[in-house]
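Here's structure-v9.csv, which has CSV, C-alpha atoms:
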chain,number,residue,atom,x,y,z
I,72,MET,CA,0.0,0.0,0.0
I,73,SER,CA,1.3,3.4,-0.9
I,74,VAL,CA,2.0,6.1,1.7
I,75,VAL,CA,-0.6,8.3,0.1
I,76,GLU,CA,-3.2,5.6,0.5
I,77,GLN,CA,-2.2,5.0,4.1
I,78,ALA,CA,-2.4,8.7,4.8
I,79,ARG,CA,-5.9,8.8,3.3
I,80,ARG,CA,-7.0,5.9,5.6
I,81,ALA,CA,-5.4,7.7,8.5
I,82,ARG,CA,-7.4,10.8,7.7
I,83,GLU,CA,-10.6,8.8,7.8
I,84,ALA,CA,-9.6,7.3,11.1
I,85,ALA,CA,-8.7,10.8,12.5
I,86,ALA,CA,-12.2,12.0,11.7
I,87,GLU,CA,-13.6,9.3,14.0
I,88,LEU,CA,-11.0,9.8,16.7
I,89,ALA,CA,-11.7,13.6,16.8
I,90,VAL,CA,-15.2,12.9,18.2
I,91,ALA,CA,-14.4,9.8,20.2
I,92,THR,CA,-15.2,10.1,23.9
I,93,ARG,CA,-12.5,10.0,26.5
I,94,THR,CA,-14.0,6.7,27.8
I,95,ALA,CA,-13.6,5.1,24.4
I,96,LYS,CA,-10.0,6.3,24.0
I,97,ASP,CA,-9.0,5.3,27.5
I,98,ALA,CA,-10.5,1.8,27.0
I,99,ALA,CA,-8.5,1.5,23.8
I,100,LEU,CA,-5.3,2.5,25.6
I,101,VAL,CA,-5.9,-0.1,28.3
I,102,ALA,CA,-6.7,-2.7,25.7
I,103,MET,CA,-3.4,-1.9,24.0
I,104,ALA,CA,-1.5,-2.2,27.2
I,105,ASP,CA,-3.1,-5.6,28.1
I,106,ALA,CA,-2.4,-6.9,24.6
I,107,LEU,CA,1.3,-5.9,24.7
I,108,VAL,CA,1.7,-7.9,28.0
I,109,ALA,CA,-0.3,-10.9,26.7
I,110,ARG,CA,1.6,-11.1,23.5
I,111,THR,CA,5.1,-10.3,24.9
I,112,PRO,CA,6.6,-13.6,23.6
I,113,GLU,CA,5.9,-12.8,19.9
I,114,ILE,CA,7.1,-9.2,20.4
I,115,LEU,CA,10.4,-10.4,21.9
I,116,ALA,CA,10.9,-13.0,19.2
I,117,ALA,CA,10.6,-10.3,16.6
I,118,ASN,CA,12.9,-8.0,18.6
I,119,GLU,CA,15.5,-10.8,18.8
I,120,THR,CA,15.4,-11.0,15.0
I,121,ASP,CA,16.3,-7.3,14.8
I,122,LEU,CA,19.0,-7.6,17.4
I,123,ALA,CA,20.6,-10.5,15.7
I,124,ALA,CA,20.7,-8.6,12.4
I,125,GLY,CA,21.9,-5.5,14.2
I,126,ARG,CA,24.8,-7.4,15.8
I,127,GLU,CA,25.7,-8.9,12.5
I,128,ALA,CA,25.6,-5.5,10.9
I,129,GLY,CA,28.0,-4.1,13.6
I,130,LEU,CA,25.5,-1.7,15.2
I,131,SER,CA,27.0,0.2,18.2
I,132,ALA,CA,26.3,-0.9,21.7
I,133,ALA,CA,24.3,2.4,22.2
I,134,VAL,CA,22.0,1.6,19.2
I,135,LEU,CA,21.5,-2.0,20.2
I,136,ASP,CA,20.5,-0.8,23.7
I,137,ARG,CA,17.9,1.5,22.2
I,138,LEU,CA,16.7,-1.3,20.0
I,139,ALA,CA,16.5,-4.0,22.7
I,140,LEU,CA,13.3,-5.1,24.4
I,141,ASP,CA,12.8,-7.5,27.2
I,142,ALA,CA,9.8,-8.5,29.3
I,143,GLY,CA,10.5,-5.7,31.8
I,144,ARG,CA,10.7,-3.0,29.1
I,145,VAL,CA,7.5,-4.3,27.4
I,146,ALA,CA,5.8,-4.1,30.8
I,147,GLY,CA,7.1,-0.6,31.3
I,148,ILE,CA,5.8,0.5,27.9
I,149,ALA,CA,2.4,-1.0,28.7
I,150,ASP,CA,2.3,0.8,32.1
I,151,ALA,CA,3.0,4.0,30.3
I,152,LEU,CA,-0.2,3.5,28.2
I,153,ARG,CA,-2.2,2.8,31.4
I,154,GLU,CA,-0.8,6.0,33.0
I,155,MET,CA,-1.8,7.9,29.9
I,156,ALA,CA,-5.3,6.6,30.1
I,157,ALA,CA,-5.5,8.1,33.6
I,158,LEU,CA,-4.5,11.6,32.3
I,159,PRO,CA,-7.0,14.3,31.4
I,160,ASP,CA,-8.2,14.4,27.8
I,161,PRO,CA,-6.9,17.6,26.2
I,162,VAL,CA,-9.5,17.6,23.5
I,163,GLY,CA,-12.3,20.1,24.1
I,164,GLU,CA,-10.4,21.8,26.9
I,165,VAL,CA,-11.2,25.5,27.0
I,166,VAL,CA,-7.9,27.4,26.7
I,167,ARG,CA,-9.6,30.8,27.2
I,168,GLY,CA,-13.0,32.3,26.9
I,169,SER,CA,-14.9,35.5,27.4
I,170,THR,CA,-18.1,37.4,26.5
I,171,LEU,CA,-17.3,40.2,24.1
I,172,PRO,CA,-18.9,43.7,24.6
I,173,ASN,CA,-21.4,42.9,21.8
I,174,GLY,CA,-22.6,39.8,23.6
I,175,LEU,CA,-20.8,37.2,21.5
I,176,GLU,CA,-19.5,34.3,23.5
I,177,LEU,CA,-15.9,33.4,22.5
I,178,ARG,CA,-14.1,30.2,23.4
I,179,GLN,CA,-10.8,28.8,22.3
I,180,ILE,CA,-10.8,25.0,22.6
I,181,ARG,CA,-8.2,22.3,22.0
I,182,VAL,CA,-8.7,20.1,19.0
I,183,PRO,CA,-6.6,17.3,17.5
I,184,PHE,CA,-4.1,18.0,14.7
I,185,GLY,CA,-5.6,15.1,12.7
I,186,VAL,CA,-2.9,13.0,11.1
I,187,VAL,CA,0.5,13.0,12.8
I,188,GLY,CA,3.6,11.4,11.0
I,189,ILE,CA,6.5,10.3,13.2
I,190,ILE,CA,9.9,9.4,11.7
I,191,TYR,CA,12.2,7.8,14.2
I,192,GLU,CA,15.2,5.6,14.6
I,193,ALA,CA,15.8,2.3,16.4
I,194,ARG,CA,13.6,2.7,19.5
I,195,PRO,CA,10.6,0.3,19.4
I,196,ASN,CA,9.2,1.9,22.5
I,197,VAL,CA,8.6,5.0,20.4
I,198,THR,CA,6.2,3.0,18.3
I,199,VAL,CA,3.9,2.4,21.3
I,200,ASP,CA,4.4,5.8,22.9
I,201,ALA,CA,3.6,7.6,19.7
I,202,ALA,CA,0.6,5.5,18.9
I,203,GLY,CA,-0.8,5.9,22.4
I,204,ILE,CA,-0.2,9.7,22.8
I,205,CYS,CA,-1.7,10.3,19.3
I,206,LEU,CA,-4.8,8.2,20.0
I,207,LYS,CA,-5.4,9.9,23.4
I,208,SER,CA,-5.1,13.3,21.8
I,209,GLY,CA,-7.5,12.3,19.0
I,210,ASN,CA,-4.9,11.9,16.3
I,211,ALA,CA,-4.2,9.1,13.8
I,212,ALA,CA,-0.5,8.1,13.8
I,213,LEU,CA,1.6,7.3,10.7
I,214,LEU,CA,4.7,5.6,12.0
I,215,ARG,CA,7.9,5.3,10.0
I,216,GLY,CA,10.6,3.6,12.1
I,217,SER,CA,14.0,2.4,11.0
I,218,SER,CA,14.8,-0.7,9.1
I,219,SER,CA,16.9,-1.9,12.0
I,220,ALA,CA,13.7,-2.2,14.1
I,221,ALA,CA,11.4,-3.4,11.3
I,222,HIS,CA,10.4,-6.7,12.8
I,223,SER,CA,9.9,-5.3,16.3
I,224,ASN,CA,7.8,-2.4,15.0
I,225,ALA,CA,5.7,-4.7,12.8
I,226,ALA,CA,4.9,-7.0,15.7
I,227,LEU,CA,4.1,-4.1,18.0
I,228,VAL,CA,1.8,-2.4,15.5
I,229,ALA,CA,0.0,-5.6,14.8
I,230,VAL,CA,-0.8,-6.0,18.5
I,231,LEU,CA,-1.8,-2.3,18.8
I,232,ARG,CA,-4.1,-2.4,15.7
I,233,ASP,CA,-5.9,-5.5,17.0
I,234,ALA,CA,-6.4,-3.9,20.4
I,235,VAL,CA,-7.7,-0.6,19.0
I,236,ALA,CA,-10.1,-2.4,16.7
I,237,GLY,CA,-11.3,-4.7,19.5
I,238,ALA,CA,-12.0,-1.6,21.6
I,239,GLY,CA,-14.3,-0.2,18.9
I,240,LEU,CA,-12.0,2.4,17.3
I,241,PRO,CA,-10.6,2.3,13.8
I,242,ALA,CA,-7.5,0.2,13.4
I,243,ASP,CA,-6.1,2.7,10.9
I,244,ALA,CA,-5.6,5.1,13.8
I,245,VAL,CA,-2.2,3.3,14.0
I,246,GLN,CA,-0.3,2.5,10.8
I,247,LEU,CA,3.3,1.5,10.1
I,248,LEU,CA,5.0,2.6,6.9
I,249,ASP,CA,7.4,0.5,5.0
I,250,ALA,CA,10.9,0.9,6.4
I,251,SER,CA,12.7,-1.0,3.7
I,252,SER,CA,13.0,2.0,1.4
I,253,ARG,CA,13.8,5.7,1.8
I,254,ASP,CA,10.9,6.4,-0.6
I,255,SER,CA,8.4,6.0,2.2
I,256,VAL,CA,10.1,8.9,4.1
I,257,LYS,CA,10.1,11.1,1.0
I,258,GLU,CA,6.5,10.4,0.3
I,259,LEU,CA,5.5,11.1,3.9
I,260,MET,CA,7.4,14.4,3.9
I,261,ARG,CA,5.6,15.4,0.7
I,262,ALA,CA,2.1,14.4,1.9
I,263,ARG,CA,1.0,17.9,2.6
I,264,GLY,CA,-2.8,18.1,2.8
I,265,LEU,CA,-3.1,14.5,4.0
I,266,VAL,CA,-0.6,14.7,6.9
I,267,ASP,CA,-1.0,17.6,9.3
I,268,VAL,CA,2.3,17.6,11.1
I,269,LEU,CA,5.6,15.6,11.1
I,270,ILE,CA,7.7,14.9,14.2
I,271,PRO,CA,11.2,13.5,13.6
I,272,ARG,CA,13.0,11.7,16.5
I,273,GLY,CA,16.6,10.6,16.1
I,274,GLY,CA,20.0,11.9,15.3
I,275,ALA,CA,21.0,15.2,13.9
I,276,SER,CA,21.1,14.1,10.3
I,277,LEU,CA,17.6,12.6,10.4
I,278,ILE,CA,16.2,15.7,12.0
I,279,ARG,CA,18.0,18.1,9.6
I,280,THR,CA,16.8,16.1,6.6
I,281,VAL,CA,13.1,16.2,7.7
I,282,VAL,CA,13.2,19.9,8.6
I,283,GLU,CA,14.9,20.9,5.4
I,284,GLU,CA,13.1,18.7,2.9
I,285,SER,CA,9.5,18.3,4.2
I,286,THR,CA,6.6,20.3,2.8
I,287,VAL,CA,4.5,19.0,5.7
I,288,PRO,CA,4.8,21.3,8.8
I,289,VAL,CA,7.5,19.9,11.2
I,290,ILE,CA,7.8,20.0,15.0
I,291,GLU,CA,11.6,19.8,15.5
I,292,THR,CA,12.9,17.5,18.2
I,293,GLY,CA,16.5,18.3,18.7
I,294,VAL,CA,19.7,16.5,19.5
I,295,GLY,CA,20.8,16.7,23.1
I,296,ASN,CA,24.3,18.0,23.7
I,297,CYS,CA,23.4,18.6,27.3
I,298,HIS,CA,25.8,20.3,29.8
I,299,VAL,CA,26.3,20.1,33.5
I,300,TYR,CA,28.0,23.2,35.0
I,301,VAL,CA,29.6,22.8,38.4
I,302,ASP,CA,29.7,26.2,40.0
I,303,ALA,CA,32.3,27.4,42.5
I,304,ALA,CA,29.6,27.2,45.2
I,305,ALA,CA,28.6,23.6,44.5
I,306,ASP,CA,28.4,20.9,47.1
I,307,VAL,CA,31.2,18.6,45.8
I,308,ALA,CA,29.6,15.3,47.0
I,309,LYS,CA,26.2,16.1,45.5
I,310,ALA,CA,27.8,17.4,42.3
I,311,VAL,CA,29.7,14.2,41.8
I,312,ALA,CA,26.6,12.1,42.3
I,313,VAL,CA,24.3,14.2,40.1
I,314,THR,CA,26.9,14.4,37.3
I,315,LEU,CA,27.5,10.7,37.3
I,316,ASN,CA,23.7,10.1,37.2
I,317,ALA,CA,23.3,12.6,34.3
I,318,LYS,CA,26.0,10.8,32.3
I,319,THR,CA,25.5,7.1,33.2
I,320,GLN,CA,21.9,6.4,34.2
I,321,ARG,CA,21.3,5.6,30.6
I,322,LEU,CA,23.9,6.4,27.9
I,323,SER,CA,21.8,6.4,24.8
I,324,THR,CA,19.1,9.1,25.5
I,325,CYS,CA,18.9,12.7,24.3
I,326,ASN,CA,18.8,14.0,27.9
I,327,THR,CA,22.0,12.3,28.9
I,328,ALA,CA,24.8,14.8,29.9
I,329,GLU,CA,27.5,14.9,27.2
I,330,SER,CA,29.6,17.8,28.5
I,331,LEU,CA,30.8,18.9,31.9
I,332,LEU,CA,32.0,22.4,32.8
I,333,VAL,CA,33.8,22.9,36.1
I,334,HIS,CA,34.5,26.3,37.7
I,335,ALA,CA,38.2,26.7,38.3
I,336,GLY,CA,37.5,27.6,41.9
I,337,VAL,CA,36.2,24.1,42.7
I,338,ALA,CA,38.3,22.1,40.2
I,339,ASP,CA,40.9,20.9,42.7
I,340,THR,CA,38.3,19.4,45.0
I,341,PHE,CA,35.7,18.3,42.4
I,342,LEU,CA,37.7,16.8,39.5
I,343,PRO,CA,39.7,14.1,41.3
I,344,PRO,CA,36.7,12.3,42.7
I,345,MET,CA,34.7,13.0,39.6
I,346,LEU,CA,37.3,11.6,37.3
I,347,ALA,CA,37.7,8.5,39.6
I,348,ALA,CA,33.9,8.0,39.4
I,349,PHE,CA,33.9,8.2,35.6
I,350,ALA,CA,36.8,5.7,35.4
I,351,ALA,CA,35.0,3.3,37.7
I,352,ALA,CA,31.9,3.6,35.5
I,353,GLY,CA,33.9,3.0,32.3
I,354,VAL,CA,33.3,6.6,31.0
I,355,THR,CA,36.1,8.0,28.7
I,356,VAL,CA,36.8,11.6,29.5
I,357,HIS,CA,37.7,13.9,26.6
I,358,GLY,CA,39.2,16.9,28.5
I,359,SER,CA,40.8,20.2,28.1
I,360,PRO,CA,44.5,20.5,29.1
I,361,GLU,CA,43.4,21.8,32.5
I,362,VAL,CA,41.4,18.6,33.0
I,363,ALA,CA,44.1,16.3,31.7
I,364,ALA,CA,46.4,17.6,34.4
I,365,TYR,CA,44.4,15.7,37.0
I,366,SER,CA,44.5,12.3,35.3
I,367,ALA,CA,46.6,10.5,32.7
I,368,ALA,CA,43.5,8.7,31.5
I,369,VAL,CA,42.0,11.9,30.1
I,370,VAL,CA,41.9,11.9,26.3
I,371,PRO,CA,42.7,15.4,24.8
I,372,ALA,CA,39.4,17.0,23.8
I,373,THR,CA,39.0,18.6,20.3
I,374,GLU,CA,36.6,21.2,19.2
I,375,GLU,CA,34.4,18.5,17.7
I,376,ASP,CA,34.3,16.7,21.1
I,377,PHE,CA,32.6,19.7,22.7
I,378,ALA,CA,30.0,19.8,19.9
I,379,THR,CA,29.3,16.0,20.0
I,380,GLU,CA,26.2,14.2,21.3
I,381,TYR,CA,28.1,11.0,22.1
I,382,LEU,CA,25.2,8.7,23.1
I,383,SER,CA,28.0,6.5,24.5
I,384,ALA,CA,30.3,6.2,27.5
I,385,ASP,CA,32.1,9.4,26.6
I,386,ILE,CA,32.0,12.9,28.0
I,387,SER,CA,33.8,16.2,27.2
I,388,VAL,CA,35.1,18.1,30.2
I,389,ALA,CA,36.5,21.6,30.5
I,390,VAL,CA,37.5,24.0,33.3
I,391,VAL,CA,36.0,27.5,33.0
I,392,ASP,CA,36.9,30.7,34.9
I,393,SER,CA,33.4,31.9,35.6
I,394,LEU,CA,29.7,31.4,35.2
I,395,ASP,CA,29.9,33.8,32.3
I,396,ALA,CA,32.4,31.6,30.6
I,397,ALA,CA,30.2,28.5,31.2
I,398,VAL,CA,27.2,30.3,29.7
I,399,ALA,CA,29.3,31.4,26.7
I,400,HIS,CA,30.5,27.8,26.2
I,401,ILE,CA,26.9,26.5,26.3
I,402,ARG,CA,25.6,29.1,23.9
I,403,ARG,CA,28.4,28.1,21.5
I,404,PHE,CA,28.0,24.3,21.7
I,405,GLY,CA,24.6,23.6,23.3
I,406,THR,CA,21.6,22.4,21.3
I,407,GLY,CA,18.9,24.0,23.4
I,408,HIS,CA,17.8,20.7,25.0
I,409,THR,CA,18.7,20.6,28.7
I,410,GLU,CA,21.3,22.4,30.7
I,411,ALA,CA,22.1,22.0,34.4
I,412,ILE,CA,23.8,24.0,37.1
I,413,LEU,CA,25.0,22.5,40.4
I,414,THR,CA,25.4,25.2,43.0
I,415,ASP,CA,24.4,26.3,46.5
I,416,SER,CA,24.3,29.9,45.4
I,417,ALA,CA,20.8,31.2,44.8
I,418,SER,CA,22.1,34.2,42.8
I,419,ALA,CA,24.3,31.9,40.5
I,420,ALA,CA,21.3,29.7,39.9
I,421,ARG,CA,19.1,32.6,39.0
I,422,ASP,CA,21.7,34.0,36.7
I,423,PHE,CA,22.2,30.7,34.9
I,424,VAL,CA,18.5,30.1,34.5
I,425,ALA,CA,17.9,33.5,33.1
I,426,ARG,CA,20.8,33.4,30.6
I,427,VAL,CA,20.8,29.9,29.3
I,428,ASP,CA,18.6,29.3,26.3
I,429,ALA,CA,17.3,25.8,26.5
I,430,ALA,CA,14.0,23.9,26.6
I,431,ALA,CA,14.8,22.8,30.2
I,432,VAL,CA,17.2,24.1,32.8
I,433,MET,CA,18.0,22.0,35.9
I,434,VAL,CA,19.1,23.4,39.2
I,435,ASN,CA,20.9,20.8,41.4
I,436,ALA,CA,19.2,18.0,39.5
I,437,SER,CA,20.2,15.5,36.8
I,438,THR,CA,19.6,16.3,33.1
I,439,ARG,CA,17.9,12.9,32.9
I,440,PHE,CA,14.7,14.4,34.4
I,441,THR,CA,13.8,16.1,31.1
I,442,ASP,CA,11.2,13.5,30.2
I,443,GLY,CA,7.5,13.5,29.7
I,444,GLY,CA,7.0,10.7,32.2
I,445,GLU,CA,9.2,12.3,34.8
I,446,PHE,CA,7.3,15.6,34.4
I,447,GLY,CA,4.0,13.8,34.9
I,448,PHE,CA,2.9,14.2,31.3
I,449,GLY,CA,2.7,10.4,30.6
I,450,ALA,CA,4.6,9.1,27.6
I,451,GLU,CA,6.0,11.8,25.5
I,452,ILE,CA,6.2,12.0,21.7
I,453,GLY,CA,9.5,13.8,21.8
I,454,ILE,CA,11.4,16.7,23.3
I,455,SER,CA,11.0,19.8,21.2
I,456,THR,CA,14.0,22.2,21.0
I,457,GLN,CA,12.2,24.7,18.8
I,458,LYS,CA,10.3,27.7,20.1
I,459,LEU,CA,7.1,27.7,18.1
I,460,HIS,CA,4.0,25.9,19.5
I,461,ALA,CA,5.8,23.4,21.7
I,462,ARG,CA,9.1,23.4,23.7
I,463,GLY,CA,10.5,20.7,25.9
I,464,PRO,CA,8.8,17.3,26.6
I,465,MET,CA,5.7,17.1,24.3
I,466,GLY,CA,2.8,15.6,26.2
I,467,LEU,CA,-0.9,15.4,25.3
I,468,PRO,CA,-1.7,19.2,25.0
I,469,GLU,CA,1.2,19.6,22.7
I,470,LEU,CA,-0.4,17.2,20.2
I,471,THR,CA,-3.4,19.5,19.8
I,472,SER,CA,-4.1,22.7,18.0
I,473,THR,CA,-7.0,25.1,18.9
I,474,LYS,CA,-10.0,26.5,17.2
I,475,TYR,CA,-12.3,29.4,18.2
I,476,VAL,CA,-16.0,28.8,18.8
I,477,VAL,CA,-18.1,31.9,18.6
I,478,THR,CA,-21.7,31.7,19.8
I,479,GLY,CA,-24.2,34.5,19.1
I,480,ASP,CA,-27.9,35.1,18.9
I,481,GLY,CA,-28.4,36.4,15.3
I,482,HIS,CA,-25.5,38.8,15.7
I,483,LEU,CA,-24.7,41.0,12.7
I,484,ARG,CA,-21.5,43.0,12.2
I,485,GLY,CA,-22.1,46.6,11.7
What is this structure when it is put down as structure tokens?
Amino acid sequence: MSVVEQARRAREAAAELAVATRTAKDAALVAMADALVARTPEILAANETDLAAGREAGLSAAVLDRLALDAGRVAGIADALREMAALPDPVGEVVRGSTLPNGLELRQIRVPFGVVGIIYEARPNVTVDAAGICLKSGNAALLRGSSSAAHSNAALVAVLRDAVAGAGLPADAVQLLDASSRDSVKELMRARGLVDVLIPRGGASLIRTVVEESTVPVIETGVGNCHVYVDAAADVAKAVAVTLNAKTQRLSTCNTAESLLVHAGVADTFLPPMLAAFAAAGVTVHGSPEVAAYSAAVVPATEEDFATEYLSADISVAVVDSLDAAVAHIRRFGTGHTEAILTDSASAARDFVARVDAAAVMVNASTRFTDGGEFGFGAEIGISTQKLHARGPMGLPELTSTKYVVTGDGHLRG
């Protein structure tokens, strides 16, 4: 089936979803969750096929980690759907309203986009998260995953479609596009008028390609070159613990810390235990000359290192003379995703928060908290680093647009 035909079917499904009750949508989400758990063996069998092919193809450990499913991960994905079912339905929410001087009643209400296309790389969990968040917000989802996860995604979508149809909603609310050819991506990006919005999730090249070549409106989810800045007034023990968590809690996510900036005033007390903690965790430090002076294990950092989203057990580290220098470094190399300051100085924290331009700024907390689930939004569809419509973790409200409803009583404009 062509992408255009799938988009047309999605549009028909979206028309039904737009008027579906919250009860119907929540029942479908719960049915999807139950079906994932019940059919876990077939999902894992499909995933093992992808993993075997990935290992043979020499995929990196980070990519294989993103691709891998086990019973625990499937259960977690299912739980996210149940949590989403418990969240308020954004559709129909009144954003603002008033009675105009002429007596007209004005309301701005949330409505679904319609058809949402998601182009993403080797993360099978995105298949379920995207399908669920689109359904709850009244949108039909056109999913285009990577070829490396083709078997996993096909198994997941088969389960989801059966569950959605069994709950009385159109199965075409969730569709998977062919991942064996780049043509499906090109057709999806050109399906303006059938697809209302595209959301790319993946590496910098994927996102750049979609943003630059799509005729369909795009919500840009950016790469995460996230920084941790350890201020002169930081608590060293807390700073070591938070930085280690930000880097190592999970290496392959966009909210993982990729660069560490250390104020010169705290370098002597902070860097020795921090470098030892990195070494114990198997993290390779790419450091400036000032950092290399503390350990022979430090690899000399290049300009490229400070601009890199590693998604691996690597981190770039530099010593800075001031908060101003830290902010300047972040403005040069940051991607507008998540930046963190570790400090006991309220004034330093205020200054950092005000001057750093990012979707999320953490004060004395790990960058790993930038996440729809951690923010209480339920499963997210991505973390937007742009400034129009949505910024940061994109939950249910961000998957809606609005329309104005104006109610009168035979009003005429003079």
Residue neighbourhood I:Arg426, 9 Å, all atoms listed in the file, exclusion window fewer than 4 positions, as a PDB file with C-alpha atoms, in the coordinates of the input:
ATOM      1  CA  VAL I 398      27.200  30.300  29.700  1.00  0.00           C
ATOM      2  CA  ARG I 421      19.100  32.600  39.000  1.00  0.00           C
ATOM      3  CA  ASP I 422      21.700  34.000  36.700  1.00  0.00           C
TER       4      ASP I 422
END
Point-to-point distance in Å for atom CA of I:Leu413 and atom CA of I:Asp376: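 Result for atom CA of I:Asp376 versus atom CA of I:Leu413: 22.2 Å, one decimal.
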Residue with smallest distance to I:Asn118 - pool I:His222, I:Arg194, I:Arg144, I:Arg82, counting all atoms listed in the file: I:His222
Contacts of I:Val432 within 10 Å, all atoms listed in the file, excl. fewer than 6 positions in-chain, as a PyMOL selection string: chain I and resi 297-299+407-412+420+423-425+438+441
Per-residue nearest contacts of stretch 159-225 of chain I to stretch 463-472 of chain I (10 Å; only C-alpha atoms) as CSV:
residue,atom,partner,partner_atom,distance
I:Pro159,CA,I:Leu467,CA,8.7
I:Asp160,CA,I:Leu467,CA,7.8
I:Pro161,CA,I:Pro468,CA,5.6
I:Val162,CA,I:Thr471,CA,7.4
I:Gly163,CA,I:Thr471,CA,9.9
I:Glu164,CA,I:Pro468,CA,9.3
I:Ile180,CA,I:Ser472,CA,8.4
I:Arg181,CA,I:Ser472,CA,5.7
I:Val182,CA,I:Ser472,CA,5.4
I:Pro183,CA,I:Thr471,CA,4.5
I:Phe184,CA,I:Thr471,CA,5.4
I:Gly185,CA,I:Thr471,CA,8.6
I:Val187,CA,I:Leu470,CA,8.6
I:Gly203,CA,I:Leu467,CA,9.9
I:Ile204,CA,I:Leu467,CA,6.3
I:Cys205,CA,I:Leu470,CA,7.1
I:Leu206,CA,I:Leu467,CA,9.8
I:Lys207,CA,I:Leu467,CA,7.4
I:Ser208,CA,I:Leu467,CA,5.9
I:Gly209,CA,I:Thr471,CA,8.3
I:Asn210,CA,I:Leu470,CA,8.0
Would you mind listing what lies within 9 Å of I:Gly443 as an mmCIF file with C-alpha atoms, in the frame of the given file, with all atoms listed in the file counted and same-chain residues fewer than 3 positions away left out?
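Just written: selection-v2.cif:
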data_model
loop_
_atom_site.group_PDB
_atom_site.id
_atom_site.type_symbol
_atom_site.label_atom_id
_atom_site.label_comp_id
_atom_site.auth_asym_id
_atom_site.auth_seq_id
_atom_site.Cartn_x
_atom_site.Cartn_y
_atom_site.Cartn_z
ATOM 1 C CA PHE I 440 14.700 14.400 34.400
ATOM 2 C CA PHE I 446 7.300 15.600 34.400
ATOM 3 C CA GLY I 447 4.000 13.800 34.900
ATOM 4 C CA PHE I 448 2.900 14.200 31.300
ATOM 5 C CA GLY I 449 2.700 10.400 30.600
ATOM 6 C CA ALA I 450 4.600 9.100 27.600
ATOM 7 C CA GLU I 451 6.000 11.800 25.500
ATOM 8 C CA ILE I 452 6.200 12.000 21.700
ATOM 9 C CA GLY I 453 9.500 13.800 21.800
ATOM 10 C CA ILE I 454 11.400 16.700 23.300
ATOM 11 C CA GLY I 463 10.500 20.700 25.900
ATOM 12 C CA PRO I 464 8.800 17.300 26.600
ATOM 13 C CA MET I 465 5.700 17.100 24.300
ATOM 14 C CA GLY I 466 2.800 15.600 26.200
#
